[in-house]
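Worksheet: one structure, shown below.
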Amino acid sequence: MEKANNRKMNFFVRAYKAITNFETYTQFAIEPISKAIKYLAILVLIFSMIITTIYIGSFKTKISNGISYLNENIEDISFNNKIFSYNNNEYSIYNDDKNIVPIIIIDTSEEPDVEEYENKVKLYNYGFILLRDKMEMFISTQSDENQFTTIQYSDYNIENMSKEEILDTINSPIITFYSAIAVFIVEFIQYFIYILLNAIVLAVMGQLLAIILRMKIKFSETYKMGIYALTLPTLLELIYIIVNNTTGFVIQYFSWMYTTISYIYICVAIIIIKTDFINMQKELIRIKLEEQKEEKEILEEQEETKDENTEEKKEEDSNEDSDLKEQTEG
């Protein structure tokens, strides 16, 4: 019956039980792996949608602030015959760690010192270098490969654009829409893989604990429990991201808390399974002892009945012998 009820649980019931009811992990462990993966996909889908909404809201605010800044501080910016022009080709650098792009260098002169600009941009995680005929985008990576991506204006259908047209393009809904799609896809794929990998770590830990407790439990079962054990940490991370983006509040060792909570969940779940197994064995032993006691009582009753029948038969035989003797003497 419990297994049937478990199959009928929707996502929100599963999430609630994964957080509040460790005994449910026994049922999660024996379900098909497809159910755990489906649960994970929905969890990450909701997570990614909320995160995307937060990031795009922040993105729109910063874009609006940036456009206001450009309107107030830039006299001339335009594209003419696929050549970018900025304030009569003067050099400018915009540097603010709080912005979406922490550093932007603009130099539309004919002989810019590109190497010097690249060295400056490399001090940050990402940035842009805007030149007269191209744009260089920098994204920091852990590899030693070239971290700059060059975008030639001539590769795009940009002939002539005024300052107003450029600002309208930056602030257009289509840019926001495609940005939201890109953020959502990246967040979903990244976090889905992240939880899958964390669940593997939890499954290995669960296997080690099972060995210590002398339990026989499959790796796939501890893996499924690991996925559900990450429910609360994922919810807490979502709340933390919301708070961090709205207030700037930072928890320095949040990743440690995330890991610790998931470890506690998988350990408690396996210990409860072990306890349930022991209790089940005790119950089986109790039932068996009661059955043996009942069988013994039945046998004793049968023996007593048999003895009584034997005594009665002896008395009857004795009475018959007495009657026969009296008849013979008479």
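Chains: A, B, ... in order of the structure tokens. Residues: from 1 per chain. Ligands: from 1, in order shown.
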Give me the residues near range 174-190 of chain A as number ranges by chain, where near means some atom within 9 Å (using only C-alpha atoms) and where sequence neighbours in that chain fewer than 5 positions away do not count.
A: 41, 44-45, 47-49, 51-53, 55-56, 59-60, 169, 195
Quick one: everything within 7 Å of range 129-133 of chain A, counting only C-alpha atoms, minus sequence neighbours fewer than 6 positions away in the same chain. Send it as a PyMOL selection string.
chain A and resi 83-85+104-109+152-153
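CA of Asn244 in chain A is found 25.3 Å from CA of Ile227 in chain A.
Across the structure, CA of Ile271 in chain A and CA of Phe219 in chain A are spaced 15.8 Å apart.
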So, counting only C-alpha atoms, which residue among A:Leu208, A:Ile266, A:Val121, A:Val243 is closest to Tyr228 in chain A?
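Using only C-alpha atoms, Tyr228 in chain A sits closest to A:Ile266.
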Expressed in Å to a single decimal, how great is the separation between CA of Ile103 in chain A and CA of Gly127 in chain A?
5.0 Å
Residue among A:Asn171, A:Thr20, A:Ser220, A:Asn198 lying closest to Lys62 in chain A, counting only C-alpha atoms:
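Once distances to Lys62 in chain A are computed over only C-alpha atoms, the minimum belongs to A:Asn171.
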Write down as JSON, numbers by chain the residues belonging to range 19-156 of chain A that are assigned strand (DSSP E) by DSSP computed on the backbone.
{"A": [77, 78, 79, 80, 83, 84, 85, 86, 91, 92, 93, 94, 95, 103, 104, 105, 106, 107, 126, 127, 128, 129, 130, 131, 134, 135, 136, 137, 138, 139, 148, 149, 150, 151, 152]}
Filtering to N, CA and C atoms, could you give me those residues as a CSV table (one decimal), in the first residue's frame?
```
chain,number,residue,atom,x,y,z
A,77,ILE,N,28.2,58.7,-30.3
A,77,ILE,CA,28.5,57.3,-30.4
A,77,ILE,C,27.7,56.8,-31.6
A,78,SER,N,28.3,56.1,-32.6
A,78,SER,CA,27.6,55.8,-33.8
A,78,SER,C,28.4,54.7,-34.6
A,79,PHE,N,27.7,54.1,-35.6
A,79,PHE,CA,28.3,53.2,-36.6
A,79,PHE,C,28.1,53.9,-37.9
A,80,ASN,N,29.2,54.1,-38.7
A,80,ASN,CA,29.1,54.6,-40.0
A,80,ASN,C,30.0,53.7,-40.9
A,83,ILE,N,32.1,51.1,-39.2
A,83,ILE,CA,33.1,51.6,-38.4
A,83,ILE,C,32.5,52.3,-37.1
A,84,PHE,N,33.0,51.9,-36.0
A,84,PHE,CA,32.5,52.4,-34.7
A,84,PHE,C,33.2,53.7,-34.4
A,85,SER,N,32.4,54.7,-34.0
A,85,SER,CA,32.9,56.1,-33.7
A,85,SER,C,32.4,56.4,-32.3
A,86,TYR,N,33.3,57.0,-31.5
A,86,TYR,CA,33.0,57.3,-30.1
A,86,TYR,C,33.7,58.6,-29.7
A,91,TYR,N,40.0,58.1,-26.0
A,91,TYR,CA,40.1,56.9,-25.2
A,91,TYR,C,39.3,57.0,-23.9
A,92,SER,N,38.6,56.0,-23.5
A,92,SER,CA,37.8,56.0,-22.3
A,92,SER,C,37.8,54.6,-21.7
A,93,ILE,N,37.8,54.6,-20.4
A,93,ILE,CA,37.7,53.3,-19.6
A,93,ILE,C,36.7,53.4,-18.5
A,94,TYR,N,35.7,52.5,-18.5
A,94,TYR,CA,34.7,52.4,-17.5
A,94,TYR,C,34.9,51.2,-16.6
A,95,ASN,N,35.1,51.5,-15.3
A,95,ASN,CA,35.5,50.4,-14.4
A,95,ASN,C,34.7,50.5,-13.2
A,103,ILE,N,34.6,46.0,-16.5
A,103,ILE,CA,35.5,46.9,-17.1
A,103,ILE,C,35.2,47.0,-18.6
A,104,ILE,N,35.1,48.2,-19.2
A,104,ILE,CA,34.9,48.4,-20.6
A,104,ILE,C,35.9,49.5,-21.0
A,105,ILE,N,36.7,49.1,-22.1
A,105,ILE,CA,37.7,50.0,-22.6
A,105,ILE,C,37.3,50.4,-24.0
A,106,ILE,N,37.2,51.7,-24.3
A,106,ILE,CA,36.8,52.1,-25.6
A,106,ILE,C,37.9,53.0,-26.2
A,107,ASP,N,38.4,52.6,-27.4
A,107,ASP,CA,39.4,53.4,-28.2
A,107,ASP,C,39.1,53.2,-29.6
A,126,TYR,N,35.7,39.3,-16.5
A,126,TYR,CA,35.3,39.5,-17.9
A,126,TYR,C,35.3,41.0,-18.1
A,127,GLY,N,35.2,41.3,-19.4
A,127,GLY,CA,35.3,42.7,-19.9
A,127,GLY,C,35.2,42.8,-21.4
A,128,PHE,N,35.1,44.1,-21.8
A,128,PHE,CA,35.1,44.4,-23.3
A,128,PHE,C,36.1,45.4,-23.7
A,129,ILE,N,36.6,45.2,-24.9
A,129,ILE,CA,37.4,46.3,-25.5
A,129,ILE,C,36.8,46.6,-26.8
A,130,LEU,N,36.3,47.9,-26.9
A,130,LEU,CA,35.6,48.3,-28.1
A,130,LEU,C,36.5,49.1,-29.0
A,131,LEU,N,36.8,48.7,-30.2
A,131,LEU,CA,37.7,49.3,-31.1
A,131,LEU,C,36.9,49.8,-32.3
A,134,LYS,N,36.3,46.4,-34.5
A,134,LYS,CA,36.0,45.1,-33.9
A,134,LYS,C,35.8,45.3,-32.4
A,135,MET,N,35.3,44.3,-31.7
A,135,MET,CA,35.1,44.2,-30.3
A,135,MET,C,35.8,43.0,-29.8
A,136,GLU,N,36.6,43.1,-28.7
A,136,GLU,CA,37.2,41.9,-28.0
A,136,GLU,C,36.4,41.7,-26.7
A,137,MET,N,36.0,40.5,-26.5
A,137,MET,CA,35.2,40.1,-25.3
A,137,MET,C,36.1,39.1,-24.5
A,138,PHE,N,36.3,39.4,-23.2
A,138,PHE,CA,37.2,38.6,-22.4
A,138,PHE,C,36.3,37.9,-21.3
A,139,ILE,N,36.6,36.6,-21.2
A,139,ILE,CA,35.9,35.8,-20.2
A,139,ILE,C,37.0,34.9,-19.6
A,148,PHE,N,40.2,35.6,-25.1
A,148,PHE,CA,39.5,36.7,-25.8
A,148,PHE,C,38.8,36.2,-27.1
A,149,THR,N,37.6,36.7,-27.2
A,149,THR,CA,36.8,36.4,-28.4
A,149,THR,C,36.6,37.7,-29.2
A,150,THR,N,37.0,37.6,-30.5
A,150,THR,CA,37.0,38.8,-31.3
A,150,THR,C,35.8,38.8,-32.2
A,151,ILE,N,35.1,39.9,-32.2
A,151,ILE,CA,33.8,40.1,-33.0
A,151,ILE,C,34.1,41.2,-34.0
A,152,GLN,N,34.2,40.9,-35.3
A,152,GLN,CA,34.3,41.9,-36.3
A,152,GLN,C,33.0,42.5,-36.7
```
Please give the complete set of residues from range 133-289 of chain A that DSSP, run on the backbone, assigns to helix (DSSP H, G or I), formatted as number ranges by chain.
A: 153-155, 163-170, 173-212, 219-229, 231-247, 254-289
Considering only C-alpha atoms, can you say which of A:Asn10, A:Asn89, A:Thr275, A:Thr222 comes closest to Ala29 in chain A?
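Closest residue, counting only C-alpha atoms: A:Thr222.
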In terms of the shortest atom-to-atom distance over only C-alpha atoms, which of A:Glu290, A:Ile272, A:Glu297, A:Ile241 is closest to Thr26 in chain A?
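Nearest candidate to Thr26 in chain A out of A:Glu290, A:Ile272, A:Glu297, A:Ile241: A:Ile272.
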Would you mind listing what lies within 7 Å of Ala203 in chain A as a compact mmCIF listing (two decimals) with all heavy atoms, in the first residue's frame, with only C-alpha atoms counted and same-chain residues fewer than 2 positions away left out?
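Written output follows (part.txt):
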```
# COMPACT_ATOMS: atom_id res chain seq x y z
N ALA A 199 25.16 13.96 -6.19
CA ALA A 199 24.45 12.74 -5.80
C ALA A 199 25.37 11.53 -5.87
O ALA A 199 25.24 10.60 -5.05
CB ALA A 199 23.23 12.53 -6.70
N ILE A 200 26.31 11.53 -6.81
CA ILE A 200 27.29 10.43 -6.89
C ILE A 200 28.16 10.42 -5.63
O ILE A 200 28.42 9.36 -5.05
CB ILE A 200 28.16 10.58 -8.15
CG1 ILE A 200 27.32 10.34 -9.42
CG2 ILE A 200 29.34 9.60 -8.11
CD1 ILE A 200 28.06 10.56 -10.71
N VAL A 201 28.61 11.60 -5.22
CA VAL A 201 29.42 11.70 -3.99
C VAL A 201 28.63 11.19 -2.79
O VAL A 201 29.15 10.43 -1.95
CB VAL A 201 29.87 13.15 -3.77
CG1 VAL A 201 30.63 13.28 -2.44
CG2 VAL A 201 30.75 13.63 -4.91
N MET A 205 29.32 7.92 -0.31
CA MET A 205 29.32 8.06 1.15
C MET A 205 28.29 7.12 1.77
O MET A 205 28.55 6.50 2.82
CB MET A 205 28.99 9.50 1.52
CG MET A 205 29.03 9.77 3.00
SD MET A 205 28.76 11.51 3.37
CE MET A 205 28.83 11.46 5.17
N GLY A 206 27.14 6.99 1.13
CA GLY A 206 26.11 6.08 1.62
C GLY A 206 26.57 4.63 1.59
O GLY A 206 26.27 3.86 2.51
N GLN A 207 27.32 4.28 0.55
CA GLN A 207 27.84 2.92 0.46
C GLN A 207 28.84 2.62 1.58
O GLN A 207 28.82 1.54 2.17
CB GLN A 207 28.52 2.73 -0.91
CG GLN A 207 27.57 2.63 -2.07
CD GLN A 207 26.77 1.34 -2.06
OE1 GLN A 207 27.30 0.24 -2.07
NE2 GLN A 207 25.45 1.49 -2.00
N PHE A 219 24.23 0.46 -5.02
CA PHE A 219 24.71 1.82 -5.29
C PHE A 219 23.59 2.66 -5.90
O PHE A 219 23.45 3.85 -5.57
CB PHE A 219 25.90 1.78 -6.25
CG PHE A 219 26.47 3.13 -6.56
CD1 PHE A 219 27.38 3.74 -5.70
CD2 PHE A 219 26.07 3.81 -7.71
CE1 PHE A 219 27.89 5.00 -5.99
CE2 PHE A 219 26.59 5.06 -8.01
CZ PHE A 219 27.50 5.65 -7.15
N THR A 222 21.38 4.08 -3.09
CA THR A 222 21.95 5.22 -2.37
C THR A 222 22.04 6.45 -3.29
O THR A 222 21.93 7.58 -2.83
CB THR A 222 23.35 4.89 -1.84
OG1 THR A 222 24.18 4.42 -2.91
CG2 THR A 222 23.29 3.83 -0.75
N TYR A 223 22.19 6.21 -4.60
CA TYR A 223 22.24 7.32 -5.55
C TYR A 223 20.88 8.04 -5.62
O TYR A 223 20.81 9.27 -5.60
CB TYR A 223 22.62 6.82 -6.93
CG TYR A 223 22.78 7.94 -7.95
CD1 TYR A 223 23.86 8.80 -7.89
CD2 TYR A 223 21.84 8.14 -8.94
CE1 TYR A 223 24.02 9.83 -8.80
CE2 TYR A 223 21.98 9.17 -9.86
CZ TYR A 223 23.07 10.00 -9.78
OH TYR A 223 23.20 11.02 -10.69
N GLY A 226 20.45 10.01 -2.64
CA GLY A 226 21.30 11.20 -2.71
C GLY A 226 20.64 12.34 -3.45
O GLY A 226 20.77 13.51 -3.07
```
